[in-house]
Amino acid sequence: MAVNVPLGPLLDPAFHLGSVPTTWAELLGFATGAVNVWLVVRQNILNWPIGIANVVLLGLVFLDGGLYADAGLQVVYVVLQMYGWWVWLYAGDGRDELPVRRTARTEWFALAAAGAAGTALLTWMLSAWTDSTVPFWDALTTALSLVATYGQSRKLLESWWLWITADLIYIPLYFYKELKLTGALYVLFLALCVAGLVAWRRDLRRREAAPVPT
C-alpha cells in the first residue's frame with residue numbers, strides 16, 4: 001500500500017546533489033540535527049527543543065522517502081524529547097542536574113527486550129501494510145533509536161553505543177534510499193556520537209573521582 005500525503009513547500013527542492021533533489025526539510029533537518037547532537041555531547045538542555053524541531057523536519061523527509069517506520073518514529077520522538085527535557089531539568093538528586101551514569105544490568109535486559117520486540121513487530125507491520133523496500137532495516141534502526149533516546153533521556157553512558165550502532169546502519173540505508181544529505185548528516189552524527197561517548201565517560205570518571213562530601 002503506497003502512502004501519498006501532500007507535504008507542502010518544505011519538500012520542494014532547495015538544491016540538487018547531482019540529479020538527486022535535496023528538499024528544504026532535509027536541509028533544515030541536517031542543520032538542526034547537527035546542532036542537536038553537538039548540544040547533547042555538551043549536556044546542554046537546549047538540545048531538547050532543537051531536537052523536537054529536528055524530528056518534525058526529518059519525519060517529513062522519511063515519509064516522502066517511503067521510510068514509514070522512521071517517519072512514525074518521529075512522532076514518538078517528540079514525546080521522548082519532551083520527557084527527556086523534563087528529566088534533565090528535574091530528575092536529579094534534589095531535583096537538580098541529572099548526572100551521567102552507567103546502565104544497570106536490569107536496564108540492559110529491558111532495553112534489549114524492548115528493542116527486539118519492537119524490531120519484530122515493526123518488520124511485520126511494514127511488510128504487511130506498506131510498500132517499504134527495506135522493512136527489516138527500517139524497523140531495526142527505529143527500535144535502536146527509540147531505546148537510545150530513552151537512554152539519553154536518563155543520561156545512560158552506554159546510550160551512545162546504541163546510537164553508534166544505529167548510525168552505522170542508517171548511513172548506507174539513507175544512501176540506498178537516495179537521501180544523500182541525510183546520509184552525510186549521519187556520518188557527522190557518528191563522529192559526534194563517538195565524541196559524546198568520550199565526553200560523557202570523562203564526566204562520569206570525574207564525578208566518580210570527586211571526594212564524597214561529609
# chains A, B, ... in the order shown; residues from 1 in each chain; ligands from 1

call {"tool": "residues_around", "arguments": {"residues": "Arg101 in chain A", "least_positions_apart": "2", "cutoff": "8 Å", "atoms": "only C-alpha atoms", "output": "PyMOL selection string"}}
result
chain A and resi 99+103+155-157+204

call {"tool": "residues_around", "arguments": {"residues": "Phe175 in chain A", "least_positions_apart": "3", "cutoff": "12 Å", "atoms": "only C-alpha atoms", "output": "count of residues only"}}
result
18

call {"tool": "atom_distance", "arguments": {"atom1": "CA of Ala143 in chain A", "atom2": "CA of Ala110 in chain A"}}
result
12.8 Å

call {"tool": "closest_residue", "arguments": {"among": "A:Val56, A:Val100, A:Ala112, A:Leu190", "to": "Arg205 in chain A", "atoms": "only C-alpha atoms"}}
result
A:Val100

call {"tool": "select_by_dssp", "arguments": {"residues": "chain A", "states": "alpha helix (DSSP H)", "output": "ChimeraX atom specification"}}
result
/A:24-41,47-64,68-90,105-129,135-153,159-176,180-209

call {"tool": "residues_around", "arguments": {"residues": "Gln81 in chain A", "least_positions_apart": "5", "cutoff": "12 Å", "atoms": "only C-alpha atoms", "output": "mmCIF file with C-alpha atoms, in the first residue's frame"}}
result
data_model
loop_
_atom_site.group_PDB
_atom_site.id
_atom_site.type_symbol
_atom_site.label_atom_id
_atom_site.label_comp_id
_atom_site.auth_asym_id
_atom_site.auth_seq_id
_atom_site.Cartn_x
_atom_site.Cartn_y
_atom_site.Cartn_z
ATOM 1 C CA ASN A 36 21.120 18.945 18.433
ATOM 2 C CA VAL A 40 23.750 16.573 23.691
ATOM 3 C CA ILE A 45 19.439 21.444 27.945
ATOM 4 C CA LEU A 46 18.693 23.298 24.676
ATOM 5 C CA ASN A 47 19.272 20.062 22.780
ATOM 6 C CA TRP A 48 15.684 19.036 23.565
ATOM 7 C CA PRO A 49 13.709 21.896 21.899
ATOM 8 C CA ILE A 50 16.070 21.861 18.920
ATOM 9 C CA GLY A 51 15.668 18.101 18.788
ATOM 10 C CA ILE A 52 11.882 18.487 18.565
ATOM 11 C CA ALA A 53 12.263 20.757 15.517
ATOM 12 C CA ASN A 54 14.715 18.273 14.006
ATOM 13 C CA VAL A 55 12.449 15.226 14.318
ATOM 14 C CA VAL A 56 9.476 17.058 12.808
ATOM 15 C CA LEU A 73 9.264 7.182 14.895
ATOM 16 C CA GLN A 74 9.499 10.961 14.767
ATOM 17 C CA VAL A 75 6.068 11.249 16.432
ATOM 18 C CA VAL A 76 7.299 9.085 19.296
ATOM 19 C CA TRP A 86 11.711 17.294 31.878
ATOM 20 C CA VAL A 87 14.059 14.596 33.222
ATOM 21 C CA TRP A 88 17.203 16.652 32.579
ATOM 22 C CA LEU A 146 13.952 4.581 20.468
ATOM 23 C CA ALA A 148 18.912 5.033 22.559
ATOM 24 C CA THR A 149 16.745 8.115 23.023
ATOM 25 C CA TYR A 150 15.332 6.711 26.250
ATOM 26 C CA GLY A 151 18.869 6.002 27.471
ATOM 27 C CA GLN A 152 19.912 9.527 26.518
ATOM 28 C CA SER A 153 16.982 10.961 28.471
ATOM 29 C CA ARG A 154 18.286 9.138 31.574
#

call {"tool": "select_by_dssp", "arguments": {"residues": "range 11-210 of chain A", "states": "strand (DSSP E or B)", "output": "ChimeraX atom specification"}}
result
/A:13-17,20-23,101,156

call {"tool": "decode", "arguments": {"residues": "range 185-200 of chain A", "atoms": "all heavy atoms", "output": "compact mmCIF listing (two decimals), in the first residue's frame"}}
result
# COMPACT_ATOMS: atom_id res chain seq x y z
N LEU A 185 24.63 13.60 6.91
CA LEU A 185 24.36 14.05 8.28
C LEU A 185 24.66 12.95 9.27
O LEU A 185 25.23 13.19 10.34
CB LEU A 185 22.89 14.49 8.39
CG LEU A 185 22.37 14.81 9.81
CD1 LEU A 185 23.14 15.97 10.41
CD2 LEU A 185 20.88 15.11 9.77
N TYR A 186 24.29 11.72 8.93
CA TYR A 186 24.51 10.62 9.87
C TYR A 186 25.98 10.22 9.97
O TYR A 186 26.40 9.63 10.96
CB TYR A 186 23.60 9.44 9.53
CG TYR A 186 22.24 9.60 10.17
CD1 TYR A 186 21.32 10.51 9.68
CD2 TYR A 186 21.90 8.89 11.31
CE1 TYR A 186 20.08 10.70 10.28
CE2 TYR A 186 20.67 9.07 11.93
CZ TYR A 186 19.76 9.97 11.41
OH TYR A 186 18.55 10.16 12.02
N VAL A 187 26.79 10.53 8.96
CA VAL A 187 28.23 10.40 9.11
C VAL A 187 28.72 11.38 10.17
O VAL A 187 29.53 11.03 11.04
CB VAL A 187 28.95 10.65 7.77
CG1 VAL A 187 30.47 10.66 7.96
CG2 VAL A 187 28.56 9.59 6.74
N LEU A 188 28.19 12.61 10.11
CA LEU A 188 28.52 13.59 11.14
C LEU A 188 28.00 13.15 12.49
O LEU A 188 28.69 13.27 13.52
CB LEU A 188 27.92 14.95 10.76
CG LEU A 188 28.09 16.09 11.78
CD1 LEU A 188 29.57 16.38 12.03
CD2 LEU A 188 27.38 17.34 11.28
N PHE A 189 26.76 12.62 12.53
CA PHE A 189 26.21 12.10 13.77
C PHE A 189 27.12 11.03 14.38
O PHE A 189 27.33 11.00 15.59
CB PHE A 189 24.83 11.46 13.52
CG PHE A 189 23.69 12.44 13.47
CD1 PHE A 189 22.41 12.00 13.18
CD2 PHE A 189 23.87 13.79 13.72
CE1 PHE A 189 21.33 12.87 13.13
CE2 PHE A 189 22.81 14.68 13.67
CZ PHE A 189 21.55 14.21 13.38
N LEU A 190 27.64 10.14 13.53
CA LEU A 190 28.50 9.07 14.01
C LEU A 190 29.73 9.65 14.70
O LEU A 190 30.11 9.20 15.80
CB LEU A 190 28.91 8.17 12.84
CG LEU A 190 29.83 7.00 13.18
CD1 LEU A 190 29.19 6.05 14.20
CD2 LEU A 190 30.20 6.25 11.90
N ALA A 191 30.35 10.65 14.07
CA ALA A 191 31.52 11.29 14.69
C ALA A 191 31.15 11.97 16.00
O ALA A 191 31.89 11.88 17.00
CB ALA A 191 32.13 12.30 13.71
N LEU A 192 29.99 12.64 16.03
CA LEU A 192 29.55 13.31 17.24
C LEU A 192 29.20 12.31 18.34
O LEU A 192 29.41 12.59 19.53
CB LEU A 192 28.36 14.21 16.94
CG LEU A 192 28.65 15.50 16.17
CD1 LEU A 192 27.36 16.19 15.75
CD2 LEU A 192 29.51 16.45 17.00
N CYS A 193 28.67 11.15 17.96
CA CYS A 193 28.35 10.12 18.95
C CYS A 193 29.62 9.59 19.61
O CYS A 193 29.64 9.35 20.82
CB CYS A 193 27.57 8.99 18.31
SG CYS A 193 25.85 9.40 17.95
N VAL A 194 30.66 9.40 18.82
CA VAL A 194 31.94 8.98 19.40
C VAL A 194 32.46 10.06 20.35
O VAL A 194 32.92 9.76 21.46
CB VAL A 194 32.96 8.68 18.29
CG1 VAL A 194 34.34 8.41 18.89
CG2 VAL A 194 32.51 7.49 17.44
N ALA A 195 32.35 11.33 19.93
CA ALA A 195 32.77 12.43 20.79
C ALA A 195 31.91 12.48 22.06
O ALA A 195 32.41 12.75 23.15
CB ALA A 195 32.66 13.75 20.04
N GLY A 196 30.60 12.20 21.91
CA GLY A 196 29.72 12.19 23.08
C GLY A 196 30.08 11.09 24.05
O GLY A 196 30.07 11.30 25.27
N LEU A 197 30.39 9.91 23.53
CA LEU A 197 30.81 8.80 24.39
C LEU A 197 32.05 9.18 25.19
O LEU A 197 32.12 8.94 26.40
CB LEU A 197 31.07 7.57 23.53
CG LEU A 197 31.58 6.32 24.26
CD1 LEU A 197 30.53 5.79 25.24
CD2 LEU A 197 31.95 5.23 23.23
N VAL A 198 33.02 9.78 24.52
CA VAL A 198 34.26 10.17 25.20
C VAL A 198 33.98 11.24 26.25
O VAL A 198 34.47 11.17 27.38
CB VAL A 198 35.29 10.67 24.16
CG1 VAL A 198 36.51 11.27 24.86
CG2 VAL A 198 35.72 9.53 23.24
N ALA A 199 33.17 12.26 25.88
CA ALA A 199 32.90 13.37 26.80
C ALA A 199 32.11 12.91 28.01
O ALA A 199 32.41 13.29 29.14
CB ALA A 199 32.15 14.48 26.05
N TRP A 200 31.08 12.08 27.80
CA TRP A 200 30.27 11.61 28.94
C TRP A 200 31.08 10.67 29.82
O TRP A 200 30.93 10.69 31.04
CB TRP A 200 29.01 10.92 28.42
CG TRP A 200 27.94 11.87 27.98
CD1 TRP A 200 28.11 13.13 27.48
CD2 TRP A 200 26.53 11.64 27.98
NE1 TRP A 200 26.89 13.68 27.15
CE2 TRP A 200 25.91 12.80 27.46
CE3 TRP A 200 25.74 10.55 28.35
CZ2 TRP A 200 24.53 12.91 27.32
CZ3 TRP A 200 24.34 10.65 28.21
CH2 TRP A 200 23.74 11.82 27.69
